[in-house]
file coords-v8.cif (mmCIF, C-alpha atoms)
data_model
loop_
_atom_site.label_atom_id
_atom_site.label_comp_id
_atom_site.auth_asym_id
_atom_site.auth_seq_id
_atom_site.Cartn_x
_atom_site.Cartn_y
_atom_site.Cartn_z
CA MET A 15 -58.56 -22.52 -56.35
CA ALA A 16 -62.23 -21.88 -57.07
CA ILE A 17 -64.31 -19.19 -55.46
CA GLU A 18 -68.03 -18.91 -56.00
CA VAL A 19 -69.31 -15.40 -56.60
CA ARG A 20 -73.02 -14.60 -56.33
CA ILE A 21 -74.07 -12.00 -58.86
CA PRO A 22 -77.05 -9.65 -58.27
CA THR A 23 -79.83 -9.35 -60.85
CA ILE A 24 -78.63 -6.00 -62.17
CA LEU A 25 -75.16 -7.34 -63.03
CA ARG A 26 -76.29 -10.59 -64.66
CA THR A 27 -76.11 -8.90 -68.05
CA TYR A 28 -72.34 -9.43 -67.66
CA THR A 29 -72.63 -13.11 -66.76
CA GLY A 30 -75.03 -14.28 -69.45
CA GLY A 31 -77.84 -14.34 -66.88
CA GLU A 32 -75.96 -16.59 -64.45
CA LYS A 33 -76.72 -16.06 -60.75
CA ALA A 34 -73.31 -17.32 -59.72
CA VAL A 35 -69.95 -17.61 -61.43
CA THR A 36 -66.60 -18.95 -60.30
CA GLY A 37 -63.28 -17.19 -60.29
CA GLU A 38 -59.82 -17.34 -58.82
CA GLY A 39 -57.58 -15.05 -56.84
CA ALA A 40 -55.75 -14.76 -53.54
CA SER A 41 -57.33 -11.37 -52.87
CA LEU A 42 -60.62 -9.72 -53.76
CA SER A 43 -58.76 -7.47 -56.15
CA ALA A 44 -57.21 -10.45 -57.97
CA LEU A 45 -60.57 -12.21 -58.06
CA ILE A 46 -62.23 -9.18 -59.66
CA ASP A 47 -59.49 -9.04 -62.30
CA ASP A 48 -60.03 -12.73 -63.00
CA LEU A 49 -63.80 -12.22 -63.31
CA GLU A 50 -63.24 -9.27 -65.63
CA ALA A 51 -61.27 -11.52 -68.01
CA ASN A 52 -64.32 -13.76 -68.46
CA HIS A 53 -67.05 -11.16 -67.96
CA PRO A 54 -65.80 -7.89 -69.44
CA GLY A 55 -67.39 -4.79 -67.95
CA LEU A 56 -68.04 -6.28 -64.54
CA LYS A 57 -65.01 -4.70 -62.90
CA ASP A 58 -66.11 -1.18 -63.72
CA ARG A 59 -69.40 -1.81 -61.91
CA LEU A 60 -67.56 -2.86 -58.76
CA VAL A 61 -64.46 -0.72 -58.65
CA GLU A 62 -63.94 3.00 -59.08
CA GLU A 63 -60.59 4.78 -58.90
CA GLY A 64 -58.91 1.78 -57.32
CA ASP A 65 -61.48 1.35 -54.58
CA LEU A 66 -64.75 -0.51 -54.16
CA ARG A 67 -67.68 1.59 -55.28
CA ARG A 68 -69.44 3.27 -52.36
CA PHE A 69 -72.82 1.71 -53.12
CA VAL A 70 -71.69 -1.82 -53.89
CA ASN A 71 -71.43 -4.28 -51.02
CA VAL A 72 -69.16 -7.31 -51.29
CA TYR A 73 -69.15 -10.04 -48.67
CA ILE A 74 -66.66 -12.86 -48.13
CA ASN A 75 -68.23 -15.69 -46.11
CA ASP A 76 -70.90 -13.25 -44.88
CA GLU A 77 -68.44 -10.56 -43.81
CA ASP A 78 -68.62 -7.14 -45.40
CA VAL A 79 -65.20 -6.74 -47.02
CA ARG A 80 -65.02 -3.13 -45.84
CA PHE A 81 -64.21 -4.51 -42.41
CA ILE A 82 -61.60 -7.02 -43.61
CA GLY A 83 -59.38 -5.05 -45.94
CA GLY A 84 -61.59 -4.02 -48.84
CA LEU A 85 -60.05 -4.95 -52.19
CA GLU A 86 -57.03 -6.36 -50.35
CA ALA A 87 -59.19 -8.83 -48.38
CA GLU A 88 -57.67 -12.30 -48.64
CA LEU A 89 -59.41 -15.25 -50.24
CA SER A 90 -58.96 -18.99 -49.92
CA ASP A 91 -60.23 -21.93 -51.86
CA GLY A 92 -63.91 -22.56 -51.21
CA ASP A 93 -64.70 -19.04 -49.97
CA GLU A 94 -68.06 -17.69 -50.94
CA VAL A 95 -68.32 -14.15 -52.27
CA VAL A 96 -71.60 -12.28 -52.53
CA VAL A 97 -72.06 -9.01 -54.43
CA LEU A 98 -75.08 -6.87 -53.54
CA PRO A 99 -75.81 -3.32 -54.59
CA ALA A 100 -76.69 -1.09 -51.65
CA VAL A 101 -80.37 -0.33 -51.24
CA ALA A 102 -80.16 3.39 -50.64
CA GLY A 103 -81.44 6.75 -51.71
CA GLY A 104 -82.82 9.91 -50.25
CA SER A 105 -84.78 13.04 -50.83
CA ARG A 106 -81.80 15.10 -51.96
CA MET B 26 -99.31 -1.35 -62.19
CA LEU B 27 -98.71 -2.23 -58.56
CA THR B 28 -101.38 -4.33 -56.89
CA ILE B 29 -100.97 -4.40 -53.13
CA ASP B 30 -103.19 -5.57 -50.29
CA ARG B 31 -104.65 -3.11 -47.81
CA ALA B 32 -102.83 -4.51 -44.75
CA THR B 33 -99.39 -4.19 -46.39
CA TYR B 34 -100.22 -0.70 -47.70
CA ASP B 35 -101.32 0.41 -44.22
CA ALA B 36 -98.22 -1.11 -42.62
CA ILE B 37 -95.90 0.81 -44.97
CA VAL B 38 -97.74 4.07 -44.19
CA ALA B 39 -97.59 3.32 -40.45
CA HIS B 40 -93.85 2.62 -40.70
CA ALA B 41 -93.27 5.95 -42.46
CA LYS B 42 -95.25 7.82 -39.80
CA ARG B 43 -93.44 6.04 -36.98
CA ASP B 44 -89.98 6.88 -38.31
CA HIS B 45 -90.85 10.47 -39.26
CA PRO B 46 -88.87 12.80 -39.48
CA ASP B 47 -86.29 10.20 -40.52
CA GLU B 48 -86.78 8.29 -43.74
CA ALA B 49 -88.27 4.82 -43.32
CA CYS B 50 -87.34 1.98 -45.69
CA GLY B 51 -88.04 -1.65 -46.41
CA VAL B 52 -89.10 -4.22 -48.97
CA VAL B 53 -92.09 -6.37 -49.71
CA ALA B 54 -90.82 -9.74 -50.91
CA GLY B 55 -92.81 -12.09 -53.09
CA PRO B 56 -92.35 -15.38 -54.93
CA GLU B 57 -89.97 -14.93 -57.87
CA GLY B 58 -91.67 -13.99 -61.10
CA THR B 59 -95.16 -13.54 -59.61
CA ASP B 60 -95.14 -9.76 -59.03
CA ARG B 61 -96.99 -10.42 -55.76
CA PRO B 62 -95.89 -8.30 -52.79
CA GLU B 63 -96.61 -10.80 -50.02
CA ARG B 64 -94.10 -10.45 -47.20
CA LEU B 65 -93.33 -7.05 -45.68
CA VAL B 66 -89.85 -6.65 -44.26
CA GLU B 67 -89.27 -3.37 -42.46
CA MET B 68 -85.60 -2.44 -42.58
CA VAL B 69 -83.58 -0.21 -40.29
CA ASN B 70 -82.41 2.97 -41.97
CA ALA B 71 -78.71 2.71 -41.16
CA ALA B 72 -78.29 6.37 -42.16
CA GLY B 73 -80.89 7.42 -39.54
CA SER B 74 -81.46 10.58 -41.54
CA PRO B 75 -84.35 12.81 -42.69
CA THR B 76 -82.78 13.08 -46.16
CA PHE B 77 -81.11 9.72 -46.77
CA TYR B 78 -81.73 6.03 -46.32
CA GLU B 79 -79.54 2.98 -46.63
CA PHE B 80 -80.14 -0.61 -45.56
CA ASP B 81 -77.52 -1.75 -43.08
CA SER B 82 -75.05 -3.92 -45.01
CA THR B 83 -75.35 -6.92 -42.67
CA ASP B 84 -79.16 -6.75 -42.65
CA LEU B 85 -79.08 -6.45 -46.44
CA LEU B 86 -77.10 -9.68 -46.80
CA GLN B 87 -79.43 -11.52 -44.39
CA LEU B 88 -82.47 -10.26 -46.29
CA TYR B 89 -81.14 -11.40 -49.68
CA LYS B 90 -80.05 -14.79 -48.35
CA GLU B 91 -83.48 -15.27 -46.84
CA MET B 92 -85.21 -14.31 -50.09
CA ASP B 93 -82.87 -16.64 -51.96
CA ARG B 94 -83.79 -19.54 -49.69
CA ASN B 95 -87.50 -18.80 -50.15
CA ASP B 96 -87.24 -18.30 -53.94
CA GLU B 97 -88.41 -14.74 -53.41
CA GLU B 98 -87.42 -11.41 -54.88
CA PRO B 99 -87.95 -7.82 -53.74
CA VAL B 100 -91.27 -7.03 -55.45
CA VAL B 101 -91.51 -3.65 -53.73
CA VAL B 102 -88.67 -1.47 -52.44
CA TYR B 103 -90.10 1.39 -50.41
CA HIS B 104 -88.86 4.45 -48.59
CA SER B 105 -90.30 7.69 -47.32
CA HIS B 106 -89.60 11.31 -48.02
CA THR B 107 -90.41 13.39 -44.98
CA ALA B 108 -90.29 16.97 -46.28
CA THR B 109 -90.67 16.59 -50.06
CA GLU B 110 -93.09 14.96 -52.45
CA ALA B 111 -93.30 11.23 -53.09
CA TYR B 112 -91.24 11.37 -56.27
CA PRO B 113 -87.82 9.75 -56.80
CA SER B 114 -84.96 12.19 -56.27
CA ARG B 115 -81.82 12.19 -58.41
CA THR B 116 -80.16 10.15 -55.67
CA ASP B 117 -83.01 7.63 -55.69
CA ILE B 118 -82.76 7.27 -59.45
CA GLY B 119 -78.97 6.97 -59.49
CA LEU B 120 -79.00 4.27 -56.82
CA ALA B 121 -81.99 2.23 -58.01
CA MET B 122 -80.51 -1.22 -58.69
CA GLU B 123 -83.57 -3.47 -58.88
CA PRO B 124 -84.95 -3.18 -62.41
CA ASN B 125 -87.79 -5.60 -61.63
CA ALA B 126 -88.97 -3.88 -58.45
CA HIS B 127 -91.78 -1.43 -57.87
CA TYR B 128 -90.18 1.55 -56.14
CA VAL B 129 -92.74 2.89 -53.70
CA LEU B 130 -92.30 6.42 -52.42
CA VAL B 131 -94.29 7.58 -49.44
CA SER B 132 -94.36 11.21 -48.32
CA THR B 133 -95.23 12.18 -44.77
CA ARG B 134 -94.86 15.94 -45.29
CA HIS B 135 -98.60 16.87 -45.45
CA TRP B 136 -99.40 14.47 -42.67
CA ALA B 137 -96.65 16.01 -40.51
CA GLU B 138 -97.77 19.57 -41.24
CA SER B 139 -101.30 18.71 -40.13
CA ARG B 140 -100.36 17.21 -36.81
CA GLY B 141 -102.06 18.94 -33.91
CA GLY B 142 -104.86 20.12 -36.23
CA ASN B 143 -108.38 18.76 -36.53
CA ASN B 144 -107.93 16.82 -39.75
CA GLU B 145 -105.05 14.48 -40.33
CA GLY B 146 -103.30 15.23 -43.60
CA PRO B 147 -102.79 12.45 -46.12
CA VAL B 148 -99.68 10.34 -46.58
CA GLU B 149 -98.84 10.26 -50.29
CA PHE B 150 -98.22 6.74 -51.65
CA ARG B 151 -96.90 6.43 -55.22
CA SER B 152 -95.12 3.75 -57.21
CA TYR B 153 -92.51 3.83 -59.97
CA ARG B 154 -90.38 1.68 -62.18
CA ILE B 155 -86.80 2.90 -62.30
CA VAL B 156 -84.76 1.30 -65.08
CA ASP B 157 -81.45 2.66 -66.41
CA GLY B 158 -82.13 6.07 -64.91
CA GLU B 159 -85.59 6.29 -66.42
CA VAL B 160 -88.57 6.82 -64.11
CA THR B 161 -92.07 5.66 -65.02
CA GLU B 162 -94.90 6.25 -62.58
CA GLU B 163 -97.49 3.49 -62.39
CA GLU B 164 -100.96 3.09 -60.98
CA VAL B 165 -101.36 1.68 -57.47
CA THR B 166 -104.35 -0.60 -56.89
CA VAL B 167 -105.15 -1.43 -53.29
CA VAL B 168 -107.16 -4.60 -52.79
CA ASP B 169 -108.57 -6.23 -49.66
CA GLU B 170 -106.59 -9.36 -50.44
CA LEU B 171 -104.28 -10.35 -53.27
CA PRO B 172 -106.10 -12.65 -55.70
CA ALA B 173 -105.49 -16.37 -55.29
CA ARG B 174 -102.35 -17.64 -57.01
CA ASN B 175 -102.74 -19.39 -60.35
#

call {"tool": "encode", "arguments": {"input": "coords-v8.cif", "output": "structure tokens"}}
result
Amino acid sequence: MAIEVRIPTILRTYTGGEKAVTGEGASLSALIDDLEANHPGLKDRLVEEGDLRRFVNVYINDEDVRFIGGLEAELSDGDEVVVLPAVAGGSR
Amino acid sequence: MLTIDRATYDAIVAHAKRDHPDEACGVVAGPEGTDRPERLVEMVNAAGSPTFYEFDSTDLLQLYKEMDRNDEEPVVVYHSHTATEAYPSRTDIGLAMEPNAHYVLVSTRHWAESRGGNNEGPVEFRSYRIVDGEVTEEEVTVVDELPARN
């Protein structure tokens, strides 16, 4: 069961510069654990206190995972996962 | 240094004025590795706030997929401050995730204060690199047209 994960520029230090890596898992949470095994440090940039970080967006087949279960979102073979940091800020 | 053409510069300023008092935001995409801000993409501020901006998550994905298809990257990431100076706030610095981008800050505060008066106040336009929490201001050069590509 292979899932392609697109990695944003800022996190490519964890993937040896690769734009995309593959991982396995029946849920997003399991996939992130699998990625962490091969790319140590990545998990901490995505997950905080057992939840997705507020300013990291993860999409499964173009759907924001926040609307489909967050870390518990289910994955199947061939799904495409995209990680994108939020573009956000403000004057305070 | 950021080199930007006059039309794109003016369009960013106009966007900031139009969305005032809310923060305006967007990117200028350009071919990967060229440092050329060629294609302005105005984004909706999903926060709709005078003190915060955030690209809508669906729009963000569409934007990055489009840039990917075109072999582009976000050369400029811009947003406006509407009551404070055009300098990155702690929030801006903490959330800056594009180490290769020019972060453009536009401030509409003097312009807004002058409205109704005889002379229109200026809109500040400044550019920064933000890498690992470190802010470096850079010169902005406005040209009539970007030089021809090598």

call {"tool": "closest_residue", "arguments": {"input": "coords-v8.cif", "among": "B:Asn70, B:Asn125, B:Ser139, B:Thr76", "to": "chain A", "atoms": "all atoms listed in the file"}}
result
B:Thr76

call {"tool": "residues_around", "arguments": {"input": "coords-v8.cif", "residues": "Pro113 in chain B", "least_positions_apart": "6", "cutoff": "8 Å", "atoms": "all atoms listed in the file", "output": "list in words"}}
result
Ser105 of chain A; Leu130 and Val160 of chain B

call {"tool": "interface_residues", "arguments": {"input": "coords-v8.cif", "of": "chain A", "to": "chain B", "cutoff": "10 Å", "atoms": "all atoms listed in the file", "output": "PyMOL selection string"}}
result
chain A and resi 22-25+69-73+76-78+96-106

call {"tool": "resolve_selection", "arguments": {"input": "coords-v8.cif", "expression": "the PyMOL selection byres ((chain A and resi 28) around 9)", "output": "VMD selection string"}}
result
chain A and resid 25 to 27 29 to 32 53 to 56

call {"tool": "closest_residue", "arguments": {"input": "coords-v8.cif", "among": "B:His127, B:Arg94, B:Arg61, B:Lys42", "to": "Arg151 in chain B", "atoms": "only C-alpha atoms"}}
result
B:His127

call {"tool": "closest_residue", "arguments": {"input": "coords-v8.cif", "among": "A:Ala16, A:Ile21, A:Val95, A:Val79", "to": "Glu38 in chain A", "atoms": "all atoms listed in the file"}}
result
A:Ala16

call {"tool": "residues_around", "arguments": {"input": "coords-v8.cif", "residues": "Arg43 in chain B", "least_positions_apart": "4", "cutoff": "12 Å", "atoms": "all atoms listed in the file", "output": "ChimeraX atom specification"}}
result
/B:36-39,47-50,67,105,107,133,136-137

call {"tool": "resolve_selection", "arguments": {"input": "coords-v8.cif", "expression": "the PyMOL selection byres ((chain A and resi 85) around 9)", "output": "list in words"}}
result
Ser41, Leu42, Ser43, Ala44, Ile46, Val61, Gly64, Asp65, Leu66, Val79, Arg80, Ile82, Gly83, Gly84, Glu86, Ala87 and Glu88 of chain A

call {"tool": "axis_aligned_box", "arguments": {"input": "coords-v8.cif", "around": "range 35-54 of chain B", "padding_each_side": "8 Å", "output": "JSON"}}
result
{"center_x": -93.8, "center_y": 1.5, "center_z": -43.9, "size_x": 31.0, "size_y": 38.5, "size_z": 29.9}

call {"tool": "atom_distance", "arguments": {"input": "coords-v8.cif", "atom1": "CA of Tyr34 in chain B", "atom2": "CA of Asn95 in chain B"}}
result
22.3 Å

call {"tool": "atom_distance", "arguments": {"input": "coords-v8.cif", "atom1": "CA of Thr161 in chain B", "atom2": "CA of His135 in chain B"}}
result
23.5 Å

call {"tool": "atom_distance", "arguments": {"input": "coords-v8.cif", "atom1": "CA of Glu97 in chain B", "atom2": "CA of Leu45 in chain A"}}
result
28.3 Å

call {"tool": "closest_residue", "arguments": {"input": "coords-v8.cif", "among": "B:Asp169, B:Glu63, B:Arg174, B:Gly55", "to": "Met92 in chain B", "atoms": "all atoms listed in the file"}}
result
B:Gly55

call {"tool": "closest_residue", "arguments": {"input": "coords-v8.cif", "among": "B:Ser152, B:Ser132, B:Thr166, B:Asn144", "to": "His45 in chain B", "atoms": "only C-alpha atoms"}}
result
B:Ser132

call {"tool": "resolve_selection", "arguments": {"input": "coords-v8.cif", "expression": "the PyMOL selection byres ((chain B and resi 26) around 7)", "output": "PDB file with C-alpha atoms, in the frame of the given file"}}
result
ATOM      1  CA  LEU B  27     -98.710  -2.230 -58.560  1.00  0.00           C
ATOM      2  CA  THR B  28    -101.380  -4.330 -56.890  1.00  0.00           C
ATOM      3  CA  GLU B 163     -97.490   3.490 -62.390  1.00  0.00           C
ATOM      4  CA  GLU B 164    -100.960   3.090 -60.980  1.00  0.00           C
ATOM      5  CA  VAL B 165    -101.360   1.680 -57.470  1.00  0.00           C
TER       6      VAL B 165
END

call {"tool": "closest_residue", "arguments": {"input": "coords-v8.cif", "among": "B:Ala41, B:Ala173, B:Leu88, B:Val69", "to": "Glu149 in chain B", "atoms": "all atoms listed in the file"}}
result
B:Ala41

call {"tool": "build_atoms", "arguments": {"input": "coords-v8.cif", "residues": "range 47-58 of chain A", "atoms": "all heavy atoms", "output": "short mmCIF file (atom, residue, chain, number, x, y, z; two decimals), in the coordinates of the input"}}
result
data_model
loop_
_atom_site.label_atom_id
_atom_site.label_comp_id
_atom_site.auth_asym_id
_atom_site.auth_seq_id
_atom_site.Cartn_x
_atom_site.Cartn_y
_atom_site.Cartn_z
N ASP A 47 -60.21 -9.05 -61.02
CA ASP A 47 -59.49 -9.04 -62.30
C ASP A 47 -59.74 -10.33 -63.08
O ASP A 47 -59.90 -10.32 -64.30
CB ASP A 47 -57.98 -8.86 -62.07
CG ASP A 47 -57.64 -7.40 -61.72
OD1 ASP A 47 -58.45 -6.51 -62.07
OD2 ASP A 47 -56.60 -7.18 -61.09
N ASP A 48 -59.77 -11.44 -62.35
CA ASP A 48 -60.03 -12.73 -63.00
C ASP A 48 -61.46 -12.77 -63.57
O ASP A 48 -61.68 -13.25 -64.69
CB ASP A 48 -59.83 -13.86 -61.98
CG ASP A 48 -60.01 -15.23 -62.61
OD1 ASP A 48 -59.28 -15.53 -63.58
OD2 ASP A 48 -60.91 -15.98 -62.18
N LEU A 49 -62.42 -12.25 -62.82
CA LEU A 49 -63.80 -12.22 -63.31
C LEU A 49 -63.91 -11.34 -64.55
O LEU A 49 -64.61 -11.68 -65.51
CB LEU A 49 -64.74 -11.67 -62.22
CG LEU A 49 -64.95 -12.53 -60.97
CD1 LEU A 49 -65.85 -11.78 -59.99
CD2 LEU A 49 -65.56 -13.88 -61.32
N GLU A 50 -63.19 -10.23 -64.51
CA GLU A 50 -63.24 -9.27 -65.63
C GLU A 50 -62.78 -9.94 -66.93
O GLU A 50 -63.32 -9.65 -68.00
CB GLU A 50 -62.37 -8.05 -65.30
CG GLU A 50 -62.22 -7.04 -66.43
CD GLU A 50 -63.50 -6.27 -66.76
OE1 GLU A 50 -64.44 -6.31 -65.95
OE2 GLU A 50 -63.54 -5.64 -67.84
N ALA A 51 -61.79 -10.85 -66.82
CA ALA A 51 -61.27 -11.52 -68.01
C ALA A 51 -62.37 -12.35 -68.69
O ALA A 51 -62.41 -12.44 -69.92
CB ALA A 51 -60.09 -12.42 -67.63
N ASN A 52 -63.26 -12.93 -67.89
CA ASN A 52 -64.32 -13.76 -68.46
C ASN A 52 -65.64 -13.01 -68.65
O ASN A 52 -66.50 -13.46 -69.41
CB ASN A 52 -64.58 -14.97 -67.56
CG ASN A 52 -63.37 -15.87 -67.49
OD1 ASN A 52 -62.78 -16.20 -68.51
ND2 ASN A 52 -62.96 -16.24 -66.28
N HIS A 53 -65.80 -11.92 -67.91
CA HIS A 53 -67.05 -11.16 -67.96
C HIS A 53 -66.74 -9.67 -68.08
O HIS A 53 -66.89 -8.91 -67.12
CB HIS A 53 -67.89 -11.42 -66.69
CG HIS A 53 -68.02 -12.87 -66.36
ND1 HIS A 53 -68.84 -13.72 -67.06
CD2 HIS A 53 -67.41 -13.64 -65.42
CE1 HIS A 53 -68.74 -14.94 -66.56
NE2 HIS A 53 -67.87 -14.92 -65.57
N PRO A 54 -66.27 -9.27 -69.28
CA PRO A 54 -65.80 -7.89 -69.44
C PRO A 54 -66.88 -6.87 -69.08
O PRO A 54 -68.04 -7.03 -69.44
CB PRO A 54 -65.45 -7.80 -70.93
CG PRO A 54 -65.45 -9.18 -71.46
CD PRO A 54 -66.21 -10.05 -70.51
N GLY A 55 -66.46 -5.85 -68.35
CA GLY A 55 -67.39 -4.79 -67.95
C GLY A 55 -67.78 -4.87 -66.50
O GLY A 55 -68.21 -3.89 -65.89
N LEU A 56 -67.63 -6.07 -65.94
CA LEU A 56 -68.04 -6.28 -64.54
C LEU A 56 -67.21 -5.44 -63.57
O LEU A 56 -67.73 -4.84 -62.64
CB LEU A 56 -67.91 -7.77 -64.21
CG LEU A 56 -68.59 -8.29 -62.95
CD1 LEU A 56 -70.07 -7.94 -62.94
CD2 LEU A 56 -68.41 -9.79 -62.84
N LYS A 57 -65.91 -5.39 -63.83
CA LYS A 57 -65.01 -4.70 -62.90
C LYS A 57 -65.40 -3.24 -62.69
O LYS A 57 -65.42 -2.74 -61.56
CB LYS A 57 -63.57 -4.78 -63.41
CG LYS A 57 -62.57 -4.10 -62.48
CD LYS A 57 -61.14 -4.25 -62.96
CE LYS A 57 -60.19 -3.55 -62.00
NZ LYS A 57 -58.78 -3.78 -62.35
N ASP A 58 -65.77 -2.59 -63.80
CA ASP A 58 -66.11 -1.18 -63.72
C ASP A 58 -67.35 -0.94 -62.85
O ASP A 58 -67.53 0.14 -62.29
CB ASP A 58 -66.34 -0.62 -65.12
CG ASP A 58 -66.59 0.88 -65.09
OD1 ASP A 58 -65.74 1.60 -64.52
OD2 ASP A 58 -67.64 1.32 -65.60
#
